[in-house]
Amino acid sequence: MPSLDRHDNVFVLDLGDGENRFHPDWLTAVGAALDEVEKADGPRALVTAATGKFYSNGLDLDWLFAHTDQHQDYVVSVHELFARTLSLPVITVAALQGHTFAAGAMFSLAHDFRVMRADRGFWCLPEADINIPFTPGMAALIQSRLAPQTAHEAMLTARRYGGSDAAATGIVDRAVGEDAVRSAAIELAQAQVNKAGDTLGTIKARMYASALATLRDTTNPLGAA
């Protein structure tokens, strides 16, 4: 399960050492960690990281198929994680040490910055290949955080981007060696700890108002007719 630690003014949320899929209990734990970061006083920033082969593989499809009656509520909770992260009143940095797929990739886009391992691991939106359409909220998030041509390619072709390609296309901000991913993310976050507060939160809320409104639309989160 996710665990929250603190390095000086930088909170580090380790998402886990497995596939870090979005099981409801996992979502609850991440939400509680975001509560703690948001309620803290003084300079602060947040890094999310993971241990092992994966940063996150996204939706917990096994759980979802076993609880189809809760599909809509589950999607609402995932959308809220994205919206919460996108508008958090502190600078956020995702440290992508491993595979970052589907909703895991979208979660990374909800952060302000991303640092990815250069030589191994992929960032990918595989929805076109696995026949799961993006919800309106997911599409709005991706298109609000990526350049139009990059969003177009990533969403339609399910391309797997290695770290260097992800940096070249603007998906991530830096591609570094395996041993430097987490430390580079903490360094980037530490440089921005004095930005934390209501003003930053307002800037984010206004900058991403359209995407946030779509993510928080609970009346039709799946985009069904």
# chains A, B, ... in the order shown; residues from 1 in each chain; ligands from 1
$ select_by_dssp --residues "range 11-199 of chain A" --states "alpha helix (DSSP H)" --output "JSON, numbers by chain"
{"A": [24, 25, 26, 27, 28, 29, 30, 31, 32, 33, 34, 35, 36, 37, 38, 39, 61, 62, 63, 64, 65, 66, 71, 72, 73, 74, 75, 76, 77, 78, 79, 80, 81, 82, 83, 84, 85, 86, 103, 104, 105, 106, 107, 108, 109, 127, 128, 129, 130, 136, 137, 138, 139, 140, 141, 142, 143, 144, 145, 148, 149, 150, 151, 152, 153, 154, 155, 156, 157, 163, 164, 165, 166, 167, 168, 181, 182, 183, 184, 185, 186, 187, 188, 189, 190, 198, 199]}
$ residues_around --residues "Leu200 in chain A" --least-positions-apart "6" --cutoff "9 Å" --atoms "only C-alpha atoms" --output "JSON, numbers by chain"
{"A": [87, 88, 89, 90, 91]}
$ write_last_selection --atoms "C-alpha atoms" --output "short mmCIF file (atom, residue, chain, number, x, y, z; two decimals), in the first residue's frame"
data_model
loop_
_atom_site.label_atom_id
_atom_site.label_comp_id
_atom_site.auth_asym_id
_atom_site.auth_seq_id
_atom_site.Cartn_x
_atom_site.Cartn_y
_atom_site.Cartn_z
CA SER A 87 -5.32 21.19 -8.59
CA LEU A 88 -3.29 20.43 -5.44
CA PRO A 89 -1.97 23.70 -3.94
CA VAL A 90 1.63 22.46 -3.90
CA ILE A 91 4.07 21.65 -6.69
#
$ residues_around --residues "Ala103 in chain A" --least-positions-apart "2" --cutoff "9 Å" --atoms "only C-alpha atoms" --output "ChimeraX atom specification"
/A:21-22,56-59,78,100-101,105-108,125,138
$ write_last_selection --atoms "N, CA and C atoms" --output "PDB file, in the first residue's frame"
ATOM      1  N   ARG A  21      -1.957  -0.790  -9.123  1.00  0.00           N
ATOM      2  CA  ARG A  21      -3.239  -0.520  -9.769  1.00  0.00           C
ATOM      3  C   ARG A  21      -4.190   0.170  -8.795  1.00  0.00           C
ATOM      4  N   PHE A  22      -5.202   0.802  -9.351  1.00  0.00           N
ATOM      5  CA  PHE A  22      -6.090   1.666  -8.574  1.00  0.00           C
ATOM      6  C   PHE A  22      -7.201   0.864  -7.885  1.00  0.00           C
ATOM      7  N   SER A  56       2.887   2.724 -12.212  1.00  0.00           N
ATOM      8  CA  SER A  56       1.497   2.305 -12.040  1.00  0.00           C
ATOM      9  C   SER A  56       0.960   1.775 -13.358  1.00  0.00           C
ATOM     10  N   ASN A  57       0.197   0.691 -13.269  1.00  0.00           N
ATOM     11  CA  ASN A  57      -0.473   0.129 -14.441  1.00  0.00           C
ATOM     12  C   ASN A  57      -1.930   0.564 -14.525  1.00  0.00           C
ATOM     13  N   GLY A  58      -2.349   1.480 -13.650  1.00  0.00           N
ATOM     14  CA  GLY A  58      -3.659   2.102 -13.823  1.00  0.00           C
ATOM     15  C   GLY A  58      -4.813   1.361 -13.178  1.00  0.00           C
ATOM     16  N   LEU A  59      -5.943   1.341 -13.868  1.00  0.00           N
ATOM     17  CA  LEU A  59      -7.174   0.796 -13.298  1.00  0.00           C
ATOM     18  C   LEU A  59      -6.997  -0.653 -12.866  1.00  0.00           C
ATOM     19  N   VAL A  78     -11.707   7.622  -9.485  1.00  0.00           N
ATOM     20  CA  VAL A  78     -10.467   7.786 -10.254  1.00  0.00           C
ATOM     21  C   VAL A  78     -10.368   9.199 -10.803  1.00  0.00           C
ATOM     22  N   THR A 100       4.663   2.972 -16.847  1.00  0.00           N
ATOM     23  CA  THR A 100       3.618   3.928 -16.484  1.00  0.00           C
ATOM     24  C   THR A 100       2.565   3.854 -17.576  1.00  0.00           C
ATOM     25  N   PHE A 101       1.490   3.107 -17.301  1.00  0.00           N
ATOM     26  CA  PHE A 101       0.532   2.765 -18.343  1.00  0.00           C
ATOM     27  C   PHE A 101      -0.881   3.237 -18.002  1.00  0.00           C
ATOM     28  N   ALA A 105      -0.488   6.420 -16.392  1.00  0.00           N
ATOM     29  CA  ALA A 105       0.095   7.495 -17.204  1.00  0.00           C
ATOM     30  C   ALA A 105      -0.712   8.783 -17.041  1.00  0.00           C
ATOM     31  N   MET A 106      -2.029   8.646 -16.981  1.00  0.00           N
ATOM     32  CA  MET A 106      -2.867   9.836 -16.774  1.00  0.00           C
ATOM     33  C   MET A 106      -2.604  10.461 -15.406  1.00  0.00           C
ATOM     34  N   PHE A 107      -2.446   9.621 -14.397  1.00  0.00           N
ATOM     35  CA  PHE A 107      -2.114  10.127 -13.061  1.00  0.00           C
ATOM     36  C   PHE A 107      -0.808  10.914 -13.108  1.00  0.00           C
ATOM     37  N   SER A 108       0.172  10.417 -13.858  1.00  0.00           N
ATOM     38  CA  SER A 108       1.436  11.152 -13.963  1.00  0.00           C
ATOM     39  C   SER A 108       1.225  12.513 -14.620  1.00  0.00           C
ATOM     40  N   LEU A 125      -0.375   5.040 -23.273  1.00  0.00           N
ATOM     41  CA  LEU A 125      -1.836   5.060 -23.166  1.00  0.00           C
ATOM     42  C   LEU A 125      -2.354   3.986 -24.123  1.00  0.00           C
ATOM     43  N   MET A 138     -10.928  11.775 -18.738  1.00  0.00           N
ATOM     44  CA  MET A 138      -9.576  11.336 -19.078  1.00  0.00           C
ATOM     45  C   MET A 138      -9.058  12.072 -20.315  1.00  0.00           C
TER      46      MET A 138
END
$ closest_residue --among "A:Val181, A:Ala213, A:Ala40, A:Ala66" --to "Ala196 in chain A" --atoms "only C-alpha atoms"
A:Ala40
$ residues_around --residues "range 153-161 of chain A" --least-positions-apart "5" --cutoff "6 Å" --atoms "only C-alpha atoms" --output "PyMOL selection string"
chain A and resi 122-126+166
$ closest_residue --among "A:Pro136, A:Ile171, A:Pro43, A:Asp179" --to "His79 in chain A" --atoms "only C-alpha atoms"
A:Pro136
$ atom_distance --atom1 "CA of Ala128 in chain A" --atom2 "CA of His152 in chain A"
11.7 Å
$ closest_residue --among "A:Asp69, A:Val93, A:Leu86, A:Asp5" --to "Glu187 in chain A" --atoms "only C-alpha atoms"
A:Val93
$ closest_residue --among "A:Asp112, A:Asp119, A:Glu19, A:Glu36" --to "Tyr55 in chain A" --atoms "only C-alpha atoms"
A:Glu19
$ closest_residue --among "A:Thr51, A:Thr92, A:Ser210, A:Thr135" --to "Glu38 in chain A" --atoms "only C-alpha atoms"
A:Thr92
